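Trainee: The file below is final18.txt, compact mmCIF, C-alpha atoms and all ligand atoms:
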```txt
# COMPACT_ATOMS: atom_id res chain seq x y z
CA MET J 1047 0.00 0.00 0.00
CA SER J 1048 1.34 3.45 -0.83
CA LEU J 1049 1.83 6.03 1.88
CA SER J 1050 -0.74 8.33 0.32
CA ALA J 1051 -3.35 5.64 0.83
CA LEU J 1052 -2.90 6.14 4.57
CA SER J 1053 -3.78 9.82 4.58
CA GLY J 1054 -7.14 11.49 4.06
CA PRO J 1055 -10.37 9.69 4.88
CA ARG J 1056 -8.71 6.71 6.60
CA ILE J 1057 -6.97 8.77 9.24
CA ARG J 1058 -10.01 10.96 9.70
CA SER J 1059 -12.24 7.97 10.20
CA ILE J 1060 -10.01 6.57 12.95
CA THR J 1061 -9.97 9.86 14.82
CA GLU J 1062 -13.76 9.82 14.90
CA ALA J 1063 -13.73 6.77 17.18
CA GLY J 1064 -16.42 7.05 19.82
CA LEU J 1065 -18.77 9.16 17.73
CA PRO J 1066 -21.99 7.53 16.56
CA TYR J 1067 -22.12 6.09 13.06
CA GLU J 1068 -24.41 8.02 10.72
CA THR J 1069 -24.72 5.94 7.57
CA ILE J 1070 -24.35 2.32 8.78
CA THR J 1071 -25.27 0.33 11.88
CA VAL J 1072 -22.53 -1.45 13.84
CA GLU J 1073 -23.54 -4.31 16.14
CA LYS J 1074 -20.59 -5.71 18.06
CA LEU J 1075 -20.25 -9.51 18.43
CA THR J 1076 -17.88 -9.20 21.39
CA PRO J 1077 -16.27 -6.21 23.14
CA LEU J 1078 -12.88 -6.95 21.53
CA ILE J 1079 -13.47 -8.27 18.05
CA GLY J 1080 -16.13 -8.56 15.37
CA ALA J 1081 -19.13 -6.48 14.39
CA GLU J 1082 -22.07 -6.96 12.09
CA ILE J 1083 -22.69 -3.99 9.80
CA GLY J 1084 -26.19 -3.07 8.69
CA GLY J 1085 -27.58 -0.59 6.21
CA ALA J 1086 -24.86 -1.07 3.62
CA ASP J 1087 -25.23 -2.51 0.13
CA LEU J 1088 -21.64 -3.26 -0.85
CA ALA J 1089 -22.50 -2.85 -4.51
CA ARG J 1090 -23.64 0.74 -3.91
CA LEU J 1091 -21.82 2.68 -1.22
CA SER J 1092 -21.65 6.40 -0.66
CA ASN J 1093 -18.29 7.98 0.22
CA ARG J 1094 -19.55 8.53 3.74
CA GLN J 1095 -20.47 4.85 4.08
CA MET J 1096 -17.00 3.87 2.81
CA ASP J 1097 -15.41 6.09 5.47
CA GLU J 1098 -17.57 4.54 8.16
CA ILE J 1099 -16.80 0.99 6.96
CA HIS J 1100 -13.08 1.83 7.17
CA ARG J 1101 -13.60 3.03 10.69
CA ALA J 1102 -15.72 0.01 11.68
CA LEU J 1103 -12.96 -2.30 10.41
CA ALA J 1104 -10.29 -0.41 12.35
CA GLU J 1105 -12.38 -0.56 15.52
CA ASN J 1106 -13.57 -4.16 15.25
CA LEU J 1107 -10.80 -5.99 13.27
CA VAL J 1108 -13.38 -8.03 11.36
CA ILE J 1109 -16.75 -6.87 10.07
CA PHE J 1110 -19.64 -8.85 8.66
CA PHE J 1111 -22.38 -8.04 6.17
CA ARG J 1112 -25.52 -10.08 5.47
CA ASP J 1113 -27.69 -10.45 2.37
CA GLN J 1114 -25.23 -9.06 -0.12
CA HIS J 1115 -25.81 -9.71 -3.81
CA LEU J 1116 -22.58 -8.94 -5.58
CA THR J 1117 -21.43 -9.83 -9.04
CA GLN J 1118 -17.80 -10.93 -9.31
CA GLU J 1119 -16.97 -7.48 -10.65
CA GLN J 1120 -18.74 -5.74 -7.73
CA HIS J 1121 -16.88 -7.90 -5.21
CA LEU J 1122 -13.58 -6.96 -6.87
CA GLU J 1123 -14.60 -3.29 -7.03
CA PHE J 1124 -15.42 -3.21 -3.31
CA GLY J 1125 -11.94 -4.58 -2.59
CA ARG J 1126 -10.23 -2.07 -4.89
CA GLN J 1127 -11.65 0.77 -2.82
CA PHE J 1128 -9.28 -0.32 -0.03
CA GLY J 1129 -6.19 -0.63 -2.20
CA GLU J 1130 -4.60 -2.69 -4.95
CA LEU J 1131 -5.67 -6.31 -5.05
CA HIS J 1132 -3.35 -9.13 -4.01
CA LEU J 1133 -2.74 -12.24 -6.10
CA HIS J 1134 -2.58 -15.47 -4.14
CA PRO J 1135 0.69 -17.36 -4.72
CA ALA J 1136 -0.97 -20.78 -4.92
CA ALA J 1137 -4.76 -21.01 -4.61
CA PRO J 1138 -7.18 -21.58 -7.52
CA HIS J 1139 -9.16 -18.62 -8.82
CA GLU J 1140 -12.26 -18.01 -10.90
CA PRO J 1141 -11.69 -18.25 -14.66
CA GLY J 1142 -10.49 -14.91 -16.03
CA HIS J 1143 -10.21 -13.37 -12.55
CA PRO J 1144 -6.85 -14.12 -10.88
CA GLU J 1145 -7.79 -11.82 -7.95
CA LEU J 1146 -10.94 -13.84 -7.20
CA MET J 1147 -9.79 -16.79 -5.10
CA ILE J 1148 -12.04 -19.85 -4.84
CA ILE J 1149 -12.95 -21.02 -1.34
CA LYS J 1150 -14.62 -24.39 -1.64
CA ALA J 1151 -15.16 -27.65 0.19
CA ASP J 1152 -17.59 -30.43 -0.75
CA GLU J 1153 -18.03 -34.20 -0.55
CA ASN J 1154 -14.88 -34.74 -2.66
CA SER J 1155 -12.63 -32.57 -0.50
CA VAL J 1156 -9.78 -33.93 1.58
CA ARG J 1157 -9.15 -30.53 3.14
CA ALA J 1158 -10.72 -27.09 3.40
CA ASN J 1159 -9.14 -23.63 3.23
CA GLY J 1160 -7.82 -22.11 6.42
CA GLU J 1161 -8.35 -24.99 8.85
CA GLY J 1162 -5.60 -23.88 11.25
CA TRP J 1163 -5.07 -20.47 12.86
CA HIS J 1164 -3.34 -18.07 10.48
CA SER J 1165 -3.04 -14.61 9.05
CA ASP J 1166 -3.44 -14.72 5.27
CA VAL J 1167 -0.24 -15.17 3.24
CA SER J 1168 1.98 -13.84 6.05
CA CYS J 1169 4.86 -15.48 4.11
CA ASP J 1170 4.72 -12.57 1.63
CA GLU J 1171 7.22 -9.71 2.07
CA GLU J 1172 4.16 -7.45 2.05
CA PRO J 1173 1.33 -9.60 3.40
CA PRO J 1174 -2.26 -8.66 2.56
CA MET J 1175 -3.87 -5.94 4.64
CA GLY J 1176 -7.32 -7.43 4.40
CA SER J 1177 -9.39 -10.27 3.01
CA ILE J 1178 -13.00 -10.02 1.86
CA LEU J 1179 -14.70 -13.40 1.86
CA TYR J 1180 -18.11 -13.70 0.20
CA ILE J 1181 -19.80 -17.03 0.91
CA LYS J 1182 -22.51 -17.88 -1.58
CA GLU J 1183 -23.36 -21.43 -0.55
CA CYS J 1184 -23.03 -22.95 2.90
CA PRO J 1185 -24.58 -25.69 5.00
CA PRO J 1186 -27.48 -24.76 7.34
CA HIS J 1187 -25.09 -25.21 10.27
CA GLY J 1188 -21.36 -25.71 10.50
CA GLY J 1189 -18.65 -23.99 8.51
CA ASP J 1190 -18.29 -21.11 10.97
CA THR J 1191 -15.15 -19.00 10.96
CA LEU J 1192 -13.28 -18.01 14.13
CA PHE J 1193 -11.37 -14.75 14.42
CA ALA J 1194 -8.92 -13.71 17.12
CA SER J 1195 -7.62 -10.26 18.10
CA MET J 1196 -3.83 -10.08 18.08
CA TYR J 1197 -4.05 -6.70 19.86
CA ALA J 1198 -5.82 -8.41 22.75
CA ALA J 1199 -3.34 -11.30 22.70
CA TYR J 1200 -0.43 -8.84 22.82
CA ASP J 1201 -1.99 -6.68 25.54
CA ALA J 1202 -2.53 -9.73 27.74
CA LEU J 1203 1.15 -10.71 27.74
CA SER J 1204 3.17 -9.91 30.84
CA ASP J 1205 5.43 -6.85 30.72
CA ARG J 1206 8.37 -9.26 30.98
CA MET J 1207 7.23 -11.19 27.91
CA LYS J 1208 6.56 -7.97 25.98
CA ALA J 1209 10.08 -6.80 26.76
CA TYR J 1210 11.52 -10.18 25.71
CA LEU J 1211 9.69 -10.13 22.34
CA GLU J 1212 10.62 -6.52 21.56
CA GLY J 1213 12.79 -6.40 18.44
CA LEU J 1214 12.61 -10.15 17.69
CA THR J 1215 11.87 -11.28 14.15
CA ALA J 1216 10.58 -14.57 12.78
CA ILE J 1217 10.57 -16.53 9.53
CA HIS J 1218 7.22 -16.98 7.79
CA SER J 1219 7.31 -19.65 5.11
CA GLY J 1220 4.81 -20.64 2.41
CA GLU J 1221 6.65 -23.75 1.28
CA HIS J 1222 5.26 -26.26 3.80
CA VAL J 1223 1.81 -24.70 3.51
CA TYR J 1224 1.30 -24.45 -0.23
CA ARG J 1225 3.35 -27.23 -1.84
CA GLY J 1226 0.89 -29.80 -3.11
CA MET J 1227 -2.02 -28.11 -1.33
CA PHE J 1228 -4.12 -27.45 -4.41
CA ALA J 1229 -3.02 -30.46 -6.50
CA LYS J 1230 -6.49 -32.00 -6.22
CA GLU J 1231 -7.97 -28.81 -7.71
CA GLY J 1232 -5.63 -29.20 -10.69
CA VAL J 1233 -3.21 -26.42 -9.70
CA ALA J 1234 0.43 -27.26 -10.50
CA ASP J 1235 3.10 -26.44 -7.92
CA LYS J 1236 5.41 -23.50 -8.43
CA PRO J 1237 9.20 -23.94 -8.21
CA SER J 1238 9.16 -22.05 -4.92
CA TYR J 1239 6.81 -20.25 -2.55
CA PRO J 1240 7.25 -16.96 -0.67
CA LYS J 1241 9.30 -16.68 2.51
CA ALA J 1242 9.78 -13.55 4.60
CA VAL J 1243 11.12 -12.29 7.93
CA HIS J 1244 8.69 -10.19 9.99
CA PRO J 1245 8.73 -8.65 13.47
CA VAL J 1246 7.14 -10.85 16.14
CA VAL J 1247 5.20 -7.79 17.33
CA ARG J 1248 4.02 -5.34 14.68
CA THR J 1249 2.51 -1.88 14.93
CA HIS J 1250 -0.69 -1.38 12.98
CA PRO J 1251 -0.13 1.43 10.46
CA MET J 1252 -3.57 2.98 10.97
CA THR J 1253 -4.38 2.48 14.63
CA GLY J 1254 -0.80 2.66 15.97
CA LYS J 1255 -1.56 -0.31 18.25
CA LYS J 1256 0.79 -3.26 18.77
CA ALA J 1257 -0.27 -6.74 17.69
CA LEU J 1258 1.32 -10.19 17.97
CA TYR J 1259 2.34 -11.27 14.50
CA VAL J 1260 3.28 -14.94 14.55
CA ASN J 1261 0.89 -17.66 13.46
CA ARG J 1262 0.76 -21.48 13.45
CA GLY J 1263 0.22 -21.59 9.71
CA PHE J 1264 3.29 -19.81 8.42
CA THR J 1265 5.70 -18.90 11.23
CA THR J 1266 8.47 -21.47 11.50
CA ARG J 1267 11.21 -19.92 13.61
CA ILE J 1268 12.10 -16.92 15.73
CA LEU J 1269 15.53 -15.66 14.72
CA GLY J 1270 18.46 -14.85 16.98
CA ILE J 1271 17.64 -17.39 19.71
CA PRO J 1272 18.34 -21.16 19.88
CA VAL J 1273 15.98 -23.43 17.90
CA ASP J 1274 14.56 -25.10 21.01
CA GLU J 1275 13.93 -21.73 22.63
CA SER J 1276 12.16 -20.54 19.46
CA GLU J 1277 10.00 -23.66 19.51
CA GLY J 1278 9.14 -23.16 23.17
CA ILE J 1279 8.29 -19.47 22.78
CA LEU J 1280 6.20 -20.05 19.64
CA ARG J 1281 4.34 -22.89 21.35
CA TYR J 1282 3.57 -20.61 24.28
CA LEU J 1283 2.49 -17.70 22.05
CA TYR J 1284 0.21 -19.93 19.95
CA GLU J 1285 -1.48 -21.36 23.03
CA HIS J 1286 -1.78 -17.90 24.54
CA MET J 1287 -3.33 -16.32 21.45
CA GLU J 1288 -5.90 -19.10 21.14
CA ASN J 1289 -7.60 -18.08 24.40
CA PRO J 1290 -11.34 -17.80 23.58
CA LEU J 1291 -11.35 -14.43 25.38
CA PHE J 1292 -9.73 -12.90 22.30
CA GLN J 1293 -12.11 -14.50 19.80
CA CYS J 1294 -15.38 -14.16 17.99
CA ARG J 1295 -17.12 -16.77 15.88
CA PHE J 1296 -19.13 -15.97 12.78
CA ARG J 1297 -22.04 -18.07 11.64
CA TRP J 1298 -22.45 -17.79 7.88
CA GLN J 1299 -25.57 -17.66 5.80
CA PRO J 1300 -25.56 -17.68 2.02
CA ASN J 1301 -24.59 -14.19 0.75
CA SER J 1302 -22.74 -13.11 3.88
CA VAL J 1303 -19.46 -11.21 3.59
CA ALA J 1304 -16.63 -11.10 6.14
CA PHE J 1305 -13.90 -8.49 5.86
CA TRP J 1306 -10.94 -8.97 8.20
CA ASP J 1307 -7.74 -7.08 8.86
CA ASN J 1308 -4.84 -9.55 8.62
CA ARG J 1309 -2.50 -7.12 10.38
CA CYS J 1310 -4.20 -7.47 13.75
CA ALA J 1311 -6.45 -10.55 13.49
CA GLN J 1312 -5.99 -14.25 12.82
CA HIS J 1313 -8.71 -16.61 11.68
CA ARG J 1314 -9.53 -20.28 11.45
CA ALA J 1315 -12.20 -22.02 9.39
CA MET J 1316 -14.20 -24.93 10.84
CA TRP J 1317 -14.55 -27.88 8.46
CA ASP J 1318 -17.26 -29.66 10.40
CA TYR J 1319 -19.80 -29.99 7.59
CA TRP J 1320 -18.45 -32.74 5.31
CA PRO J 1321 -19.97 -34.03 3.02
CA GLN J 1322 -21.90 -30.80 2.55
CA ARG J 1323 -20.79 -28.06 0.24
CA ARG J 1324 -19.59 -24.57 1.06
CA TYR J 1325 -18.55 -22.20 -1.68
CA GLY J 1326 -17.44 -18.62 -2.07
CA ASN J 1327 -14.81 -16.19 -3.28
CA ARG J 1328 -12.16 -14.17 -1.55
CA VAL J 1329 -10.83 -10.82 -2.69
CA THR J 1330 -7.61 -9.86 -0.96
CA VAL J 1331 -6.22 -6.36 -0.58
CA LYS J 1332 -2.46 -5.75 -0.67
CA GLY J 1333 -0.74 -4.60 2.48
CA GLU J 1334 2.59 -3.17 3.56
CA ARG J 1335 5.78 -4.60 5.02
CA PRO J 1336 5.11 -5.20 8.75
CA VAL J 1337 7.05 -2.95 11.14
O1 LIG M 1 -13.46 -20.45 4.65
C1 LIG M 1 -13.26 -19.67 5.58
O2 LIG M 1 -14.11 -19.38 6.41
C2 LIG M 1 -11.93 -18.99 5.70
C3 LIG M 1 -10.90 -19.61 4.83
C4 LIG M 1 -9.64 -18.80 4.88
O3 LIG M 1 -8.77 -19.01 5.66
C5 LIG M 1 -9.55 -17.64 4.00
O4 LIG M 1 -10.43 -17.42 3.16
O5 LIG M 1 -8.58 -16.89 4.15
FE FE M 2 -7.30 -17.43 5.56
```
Let me see whether you can do it: turn the structure in this file into structure tokens.
Mentor:
Amino acid sequence: MSLSALSGPRIRSITEAGLPYETITVEKLTPLIGAEIGGADLARLSNRQMDEIHRALAENLVIFFRDQHLTQEQHLEFGRQFGELHLHPAAPHEPGHPELMIIKADENSVRANGEGWHSDVSCDEEPPMGSILYIKECPPHGGDTLFASMYAAYDALSDRMKAYLEGLTAIHSGEHVYRGMFAKEGVADKPSYPKAVHPVVRTHPMTGKKALYVNRGFTTRILGIPVDESEGILRYLYEHMENPLFQCRFRWQPNSVAFWDNRCAQHRAMWDYWPQRRYGNRVTVKGERPV
């Protein structure tokens, strides 16, 4: 994301925190994370609604919309209003639309997308800022998605642990995640997958708040400490961040949309509905190098 994208309406919307919303409704799922937004048709948004959606995302980390009827183009266009779109390094996409990732599980699946806790594509040098998942078909129950606040997980660490983590960096690797993952969907493997080094604690560029930034999916090793120490610390941090106190859980209906901020939230999809089918598309917005 360019620096100019961080000025103007985005900054203004954050500074309005605490004021009532005028053009949308915002119903929190929990005090710390998640809110359902009403009164917004994502295919037709006023500038004021866009500002308020920005602000609702910054305040709630993940926001949900019901009963949306978007064409593929409208889904992409909604994403573009938040920045350039990200191309997934491995996952299948809709024909003719490389930015429209397919999220699908049915009776033939041996896996589903996002079954473990992760932040999307954190193995990229510049991991995506946000992901906009539009589920079109889902079972009557099951297939929920869990989200966890990495601000809350960071805040709840002891001062000693915060001091210890300060300045540490970790390797995030896509290799073990993506190699062979989409073979069944007919996607050939690439020669290599992204790998990056990111700070263990990052500062959110819009809110200025600190968030834990290691995840079970991609983070393989904290640098600058012995391997066994890295394993021990990562194991502790993963257990810590999976405390239900930091989470919300979204129950999908057909035509729901979830928009999460990968910089401060992790998520995990529940594949508890086999052999039923769940289908949708994800549009992913590019982000910046974590600092
Ligand atoms: O299917 C879901 O609920 C989430 C899957 C996932 O991890 C993603 O779309 O990034
Ligand atoms: Fe994901």
Trainee: Within 9 Å of ligand LIG 1 (chain M), which residues show up when you count all atoms listed in the file? List them as number ranges by chain, please.
Mentor: J: 1147-1151, 1158-1167, 1177-1179, 1181, 1189-1192, 1296, 1298, 1304, 1313-1317, 1324-1330
Trainee: For CA of Val1233 (chain J) and CA of Ser1302 (chain J), quote the distance in Å rounded to one decimal.
Mentor: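 Separation between CA of Val1233 (chain J) and CA of Ser1302 (chain J): 27.3 Å.
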Trainee: Counting all atoms listed in the file, which residue out of J:Arg1281, J:Met1227, J:Gly1270, J:Ala1198 sits closest to Leu1258 (chain J)?
Mentor: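 Using all atoms listed in the file, the shortest distance to Leu1258 (chain J) belongs to J:Ala1198.
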Trainee: Please determine, counting all atoms listed in the file, which residue among J:Ala1137, J:Leu1203, J:Leu1211, J:Leu1283 has the shortest atom-to-atom distance to ligand FE 2 (chain M).
Mentor: J:Ala1137
Trainee: List as a PDB file with C-alpha atoms, in the frame of the given file the protein and nucleic acid residues near Ile1109 (chain J), meaning an atom at most 8 Å away when only C-alpha atoms are counted, but skip any in the same chain fewer than 4 places from it.
Mentor:
```
ATOM      1  CA  GLY J1080     -16.130  -8.560  15.370  1.00  0.00           C
ATOM      2  CA  ALA J1081     -19.130  -6.480  14.390  1.00  0.00           C
ATOM      3  CA  GLU J1082     -22.070  -6.960  12.090  1.00  0.00           C
ATOM      4  CA  ILE J1083     -22.690  -3.990   9.800  1.00  0.00           C
ATOM      5  CA  ALA J1102     -15.720   0.010  11.680  1.00  0.00           C
ATOM      6  CA  LEU J1103     -12.960  -2.300  10.410  1.00  0.00           C
ATOM      7  CA  ALA J1304     -16.630 -11.100   6.140  1.00  0.00           C
ATOM      8  CA  PHE J1305     -13.900  -8.490   5.860  1.00  0.00           C
ATOM      9  CA  TRP J1306     -10.940  -8.970   8.200  1.00  0.00           C
TER      10      TRP J1306
END
```
Trainee: Kindly provide the residues of region 1139-1204 of chain J that approach region 1111-1118 of chain J to within 9 Å, each paired with its closest atom pair and their distance in Å to one decimal, based on only C-alpha atoms, listed by chain and increasing number, as a tab-separated table.
Mentor:
```
residue	atom	partner	partner_atom	distance
J:His1143	CA	J:Gln1118	CA	8.6
J:Leu1146	CA	J:Gln1118	CA	7.7
J:Tyr1180	CA	J:Gln1114	CA	8.5
```
Trainee: Could you please determine the separation between CA of Asp1087 (chain J) and CA of Asn1301 (chain J) in Å, to one decimal place?
Mentor: 11.7 Å
Trainee: Between J:Gly1176, J:Pro1185, J:Pro1240, J:Pro1300, single out the one closest to ligand FE 2 (chain M), counting only C-alpha atoms and all ligand atoms.
Mentor: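 Smallest separation from ligand FE 2 (chain M) among the options: J:Gly1176.
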Trainee: Which residue, J:Lys1255, J:Arg1335, J:His1222, J:Arg1262, has the smallest gap to Tyr1239 (chain J) when you use only C-alpha atoms?
Mentor: J:His1222
Trainee: Find the residue from J:Tyr1200, J:Tyr1284, J:Trp1320, J:Phe1193 that sits nearest to ligand FE 2 (chain M); use all atoms listed in the file when measuring.
Mentor: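 Of J:Tyr1200, J:Tyr1284, J:Trp1320, J:Phe1193, the one nearest ligand FE 2 (chain M), counting all atoms listed in the file, is J:Phe1193.
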Trainee: Figure out the distance between CA of Glu1119 (chain J) and CA of Gln1312 (chain J), please, to one decimal in Å.
Mentor: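 CA of Glu1119 (chain J) lies 26.8 Å from CA of Gln1312 (chain J).
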Trainee: Which residue, J:Ser1238, J:His1286, J:Lys1208, J:His1134, has the smallest gap to ligand FE 2 (chain M) when you use all atoms listed in the file?
Mentor: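 Among the listed residues, J:His1134 lies closest to ligand FE 2 (chain M).
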